[in-house]
Amino acid sequence: MIEQTSILFRPRKISRERSAVLAREVEAFNAEYCAVLDAGLVEQWPDFFTEDGIYRITARENAELNMPVGLVYAHGRNMMIDRAIAISRTQMFAPRYNLHLVSNTRVTDETEDGSIEAQANFVLLQTLVEGPSTIHMAGTFYDHLVRKEGGLLLKERQAIYDTTIIANDLVYPL
């Protein structure tokens, strides 16, 4: 089990000081990302990715076995746009509020071109309009971010969820 778990731990390859500076930038990026989703502006979600970006939601068990099979997989901004439009314009589920909490941001690497490898833990709380708040999903984002248009964009976001039993209404992006 130690060998499998090490796949999810990514050692820091840059100085602690540089990692801390970049972590603040990644935290600001994640705050905007979550604010858009929490406001229900799902059609703006693809704007956080590069044109050829990858978005994947994978079970921790699969990730530990180095099997990147995703529960949700989108390759390219156009796939994400299709998903976002389908979610926002064809809602076939009960109204709800989502609240993303992202913490423990770690930047593990930076390349000469400014690309960043980072990870952060997340919890997605969900409140049905006529019900209590519940933990909908918990896990870790593993991100590859690039500098474009004066800011950061996701080249890849892999959300690895810890939750063994997932709700059958996992529709919104994490």
# chains A, B, ... in the order shown; residues from 1 in each chain; ligands from 1

call {"tool": "residues_around", "arguments": {"residues": "Val26 (chain A)", "least_positions_apart": "4", "cutoff": "12 Å", "atoms": "only C-alpha atoms", "output": "PyMOL selection string"}}
result
chain A and resi 19-22+30-33+102-108+115-120+141-147+151-154

call {"tool": "residues_around", "arguments": {"residues": "Trp45 (chain A)", "least_positions_apart": "2", "cutoff": "10 Å", "atoms": "only C-alpha atoms", "output": "PyMOL selection string"}}
result
chain A and resi 33-34+36-37+40-43+47-49+77+80-81+83-84+172-173

call {"tool": "write_last_selection", "arguments": {"atoms": "all heavy atoms", "output": "short mmCIF file (atom, residue, chain, number, x, y, z; two decimals), in the first residue's frame"}}
result
data_model
loop_
_atom_site.label_atom_id
_atom_site.label_comp_id
_atom_site.auth_asym_id
_atom_site.auth_seq_id
_atom_site.Cartn_x
_atom_site.Cartn_y
_atom_site.Cartn_z
N TYR A 33 -12.01 30.41 -9.58
CA TYR A 33 -12.61 29.20 -10.15
C TYR A 33 -13.83 28.78 -9.32
O TYR A 33 -14.92 28.57 -9.86
CB TYR A 33 -11.54 28.11 -10.17
CG TYR A 33 -11.95 26.76 -10.68
CD1 TYR A 33 -11.70 26.39 -12.00
CD2 TYR A 33 -12.53 25.80 -9.85
CE1 TYR A 33 -12.04 25.13 -12.49
CE2 TYR A 33 -12.87 24.54 -10.31
CZ TYR A 33 -12.62 24.21 -11.62
OH TYR A 33 -12.95 22.96 -12.10
N CYS A 34 -13.64 28.70 -8.01
CA CYS A 34 -14.73 28.27 -7.12
C CYS A 34 -15.84 29.31 -7.05
O CYS A 34 -17.03 28.95 -6.99
CB CYS A 34 -14.18 27.97 -5.73
SG CYS A 34 -13.09 26.54 -5.69
N VAL A 36 -16.90 31.31 -9.37
CA VAL A 36 -17.71 31.18 -10.57
C VAL A 36 -18.66 29.98 -10.45
O VAL A 36 -19.86 30.09 -10.70
CB VAL A 36 -16.82 31.07 -11.83
CG1 VAL A 36 -17.59 30.55 -13.03
CG2 VAL A 36 -16.18 32.41 -12.15
N LEU A 37 -18.14 28.84 -10.03
CA LEU A 37 -18.97 27.65 -9.90
C LEU A 37 -20.01 27.81 -8.80
O LEU A 37 -21.17 27.42 -8.97
CB LEU A 37 -18.11 26.41 -9.66
CG LEU A 37 -17.26 25.98 -10.86
CD1 LEU A 37 -16.37 24.80 -10.47
CD2 LEU A 37 -18.14 25.61 -12.05
N GLY A 40 -23.06 29.58 -9.67
CA GLY A 40 -23.89 28.91 -10.66
C GLY A 40 -23.59 29.33 -12.09
O GLY A 40 -24.38 29.08 -12.99
N LEU A 41 -22.44 29.96 -12.31
CA LEU A 41 -22.06 30.44 -13.64
C LEU A 41 -21.28 29.37 -14.40
O LEU A 41 -20.16 29.60 -14.88
CB LEU A 41 -21.24 31.73 -13.51
CG LEU A 41 -21.94 32.86 -12.74
CD1 LEU A 41 -20.99 34.01 -12.49
CD2 LEU A 41 -23.19 33.31 -13.49
N VAL A 42 -21.85 28.20 -14.51
CA VAL A 42 -21.15 27.05 -15.05
C VAL A 42 -20.69 27.26 -16.49
O VAL A 42 -19.69 26.68 -16.92
CB VAL A 42 -22.01 25.77 -14.90
CG1 VAL A 42 -23.19 25.77 -15.84
CG2 VAL A 42 -21.17 24.53 -15.08
N GLU A 43 -21.37 28.11 -17.25
CA GLU A 43 -20.95 28.34 -18.64
C GLU A 43 -19.63 29.11 -18.72
O GLU A 43 -19.00 29.12 -19.77
CB GLU A 43 -22.05 29.04 -19.43
CG GLU A 43 -23.21 28.10 -19.73
CD GLU A 43 -24.24 28.68 -20.67
OE1 GLU A 43 -23.84 29.30 -21.67
OE2 GLU A 43 -25.44 28.50 -20.41
N ASP A 47 -13.62 28.67 -19.34
CA ASP A 47 -12.66 29.77 -19.51
C ASP A 47 -11.43 29.63 -18.62
O ASP A 47 -10.44 30.32 -18.83
CB ASP A 47 -13.33 31.11 -19.22
CG ASP A 47 -14.47 31.42 -20.18
OD1 ASP A 47 -14.49 30.83 -21.28
OD2 ASP A 47 -15.33 32.25 -19.83
N PHE A 48 -11.47 28.73 -17.66
CA PHE A 48 -10.34 28.52 -16.76
C PHE A 48 -9.33 27.51 -17.34
O PHE A 48 -8.31 27.23 -16.72
CB PHE A 48 -10.82 28.03 -15.39
CG PHE A 48 -11.51 29.11 -14.60
CD1 PHE A 48 -12.89 29.27 -14.68
CD2 PHE A 48 -10.79 29.97 -13.80
CE1 PHE A 48 -13.53 30.27 -13.97
CE2 PHE A 48 -11.41 30.98 -13.08
CZ PHE A 48 -12.79 31.13 -13.17
N PHE A 49 -9.61 26.98 -18.54
CA PHE A 49 -8.77 25.97 -19.16
C PHE A 49 -8.18 26.47 -20.47
O PHE A 49 -8.75 27.33 -21.13
CB PHE A 49 -9.61 24.71 -19.45
CG PHE A 49 -10.02 23.95 -18.23
CD1 PHE A 49 -11.14 24.34 -17.51
CD2 PHE A 49 -9.30 22.86 -17.79
CE1 PHE A 49 -11.53 23.64 -16.38
CE2 PHE A 49 -9.67 22.15 -16.66
CZ PHE A 49 -10.79 22.55 -15.95
N ARG A 77 -11.39 22.50 -24.57
CA ARG A 77 -12.37 23.47 -24.09
C ARG A 77 -13.74 23.24 -24.73
O ARG A 77 -14.77 23.44 -24.07
CB ARG A 77 -11.87 24.89 -24.36
CG ARG A 77 -12.68 25.94 -23.61
CD ARG A 77 -12.21 27.33 -23.89
NE ARG A 77 -11.02 27.64 -23.11
CZ ARG A 77 -10.32 28.75 -23.27
NH1 ARG A 77 -10.67 29.64 -24.18
NH2 ARG A 77 -9.25 28.98 -22.53
N MET A 80 -15.73 20.85 -22.79
CA MET A 80 -16.16 21.47 -21.53
C MET A 80 -17.32 22.44 -21.77
O MET A 80 -18.25 22.51 -20.97
CB MET A 80 -14.98 22.19 -20.88
CG MET A 80 -13.91 21.23 -20.41
SD MET A 80 -12.47 22.12 -19.79
CE MET A 80 -11.17 21.03 -20.26
N ILE A 81 -17.26 23.16 -22.88
CA ILE A 81 -18.36 24.07 -23.23
C ILE A 81 -19.65 23.27 -23.43
O ILE A 81 -20.71 23.66 -22.91
CB ILE A 81 -18.00 24.91 -24.48
CG1 ILE A 81 -16.90 25.91 -24.12
CG2 ILE A 81 -19.24 25.61 -25.04
CD1 ILE A 81 -16.28 26.61 -25.33
N ARG A 83 -20.44 20.41 -22.13
CA ARG A 83 -20.88 19.94 -20.81
C ARG A 83 -21.53 21.06 -20.02
O ARG A 83 -22.58 20.90 -19.42
CB ARG A 83 -19.69 19.35 -20.05
CG ARG A 83 -20.06 18.80 -18.69
CD ARG A 83 -18.88 18.07 -18.05
NE ARG A 83 -19.26 17.54 -16.77
CZ ARG A 83 -19.93 16.41 -16.59
NH1 ARG A 83 -20.31 15.69 -17.62
NH2 ARG A 83 -20.23 15.99 -15.37
N ALA A 84 -20.90 22.24 -20.04
CA ALA A 84 -21.42 23.39 -19.28
C ALA A 84 -22.79 23.82 -19.80
O ALA A 84 -23.70 24.10 -19.02
CB ALA A 84 -20.42 24.54 -19.36
N TYR A 172 -22.28 18.92 -11.74
CA TYR A 172 -21.49 20.14 -11.78
C TYR A 172 -20.00 19.84 -11.73
O TYR A 172 -19.58 18.87 -11.09
CB TYR A 172 -21.85 21.05 -10.60
CG TYR A 172 -23.17 21.72 -10.75
CD1 TYR A 172 -24.30 21.23 -10.11
CD2 TYR A 172 -23.30 22.87 -11.53
CE1 TYR A 172 -25.52 21.85 -10.25
CE2 TYR A 172 -24.52 23.50 -11.66
CZ TYR A 172 -25.62 22.98 -11.03
OH TYR A 172 -26.84 23.60 -11.17
N PRO A 173 -19.20 20.68 -12.36
CA PRO A 173 -17.75 20.52 -12.23
C PRO A 173 -17.30 20.68 -10.78
O PRO A 173 -17.92 21.41 -10.01
CB PRO A 173 -17.18 21.66 -13.09
CG PRO A 173 -18.31 22.08 -13.96
CD PRO A 173 -19.56 21.79 -13.22
#

call {"tool": "closest_residue", "arguments": {"among": "A:Glu61, A:Glu110, A:Lys148, A:Arg96", "to": "Glu130 (chain A)", "atoms": "only C-alpha atoms"}}
result
A:Arg96

call {"tool": "select_by_dssp", "arguments": {"residues": "region 14-171 of chain A", "states": "strand (DSSP E or B)", "output": "ChimeraX atom specification"}}
result
/A:49-59,72-75,96-110,116-128,133-148,151-161

call {"tool": "closest_residue", "arguments": {"among": "A:Gly139, A:Gly114, A:Pro46, A:Gly53", "to": "Leu101 (chain A)", "atoms": "only C-alpha atoms"}}
result
A:Gly139

call {"tool": "closest_residue", "arguments": {"among": "A:Leu174, A:Leu99, A:Ala94, A:Ile160", "to": "Gly131 (chain A)", "atoms": "only C-alpha atoms"}}
result
A:Ala94

call {"tool": "atom_distance", "arguments": {"atom1": "CA of Val123 (chain A)", "atom2": "CA of Val171 (chain A)"}}
result
15.3 Å
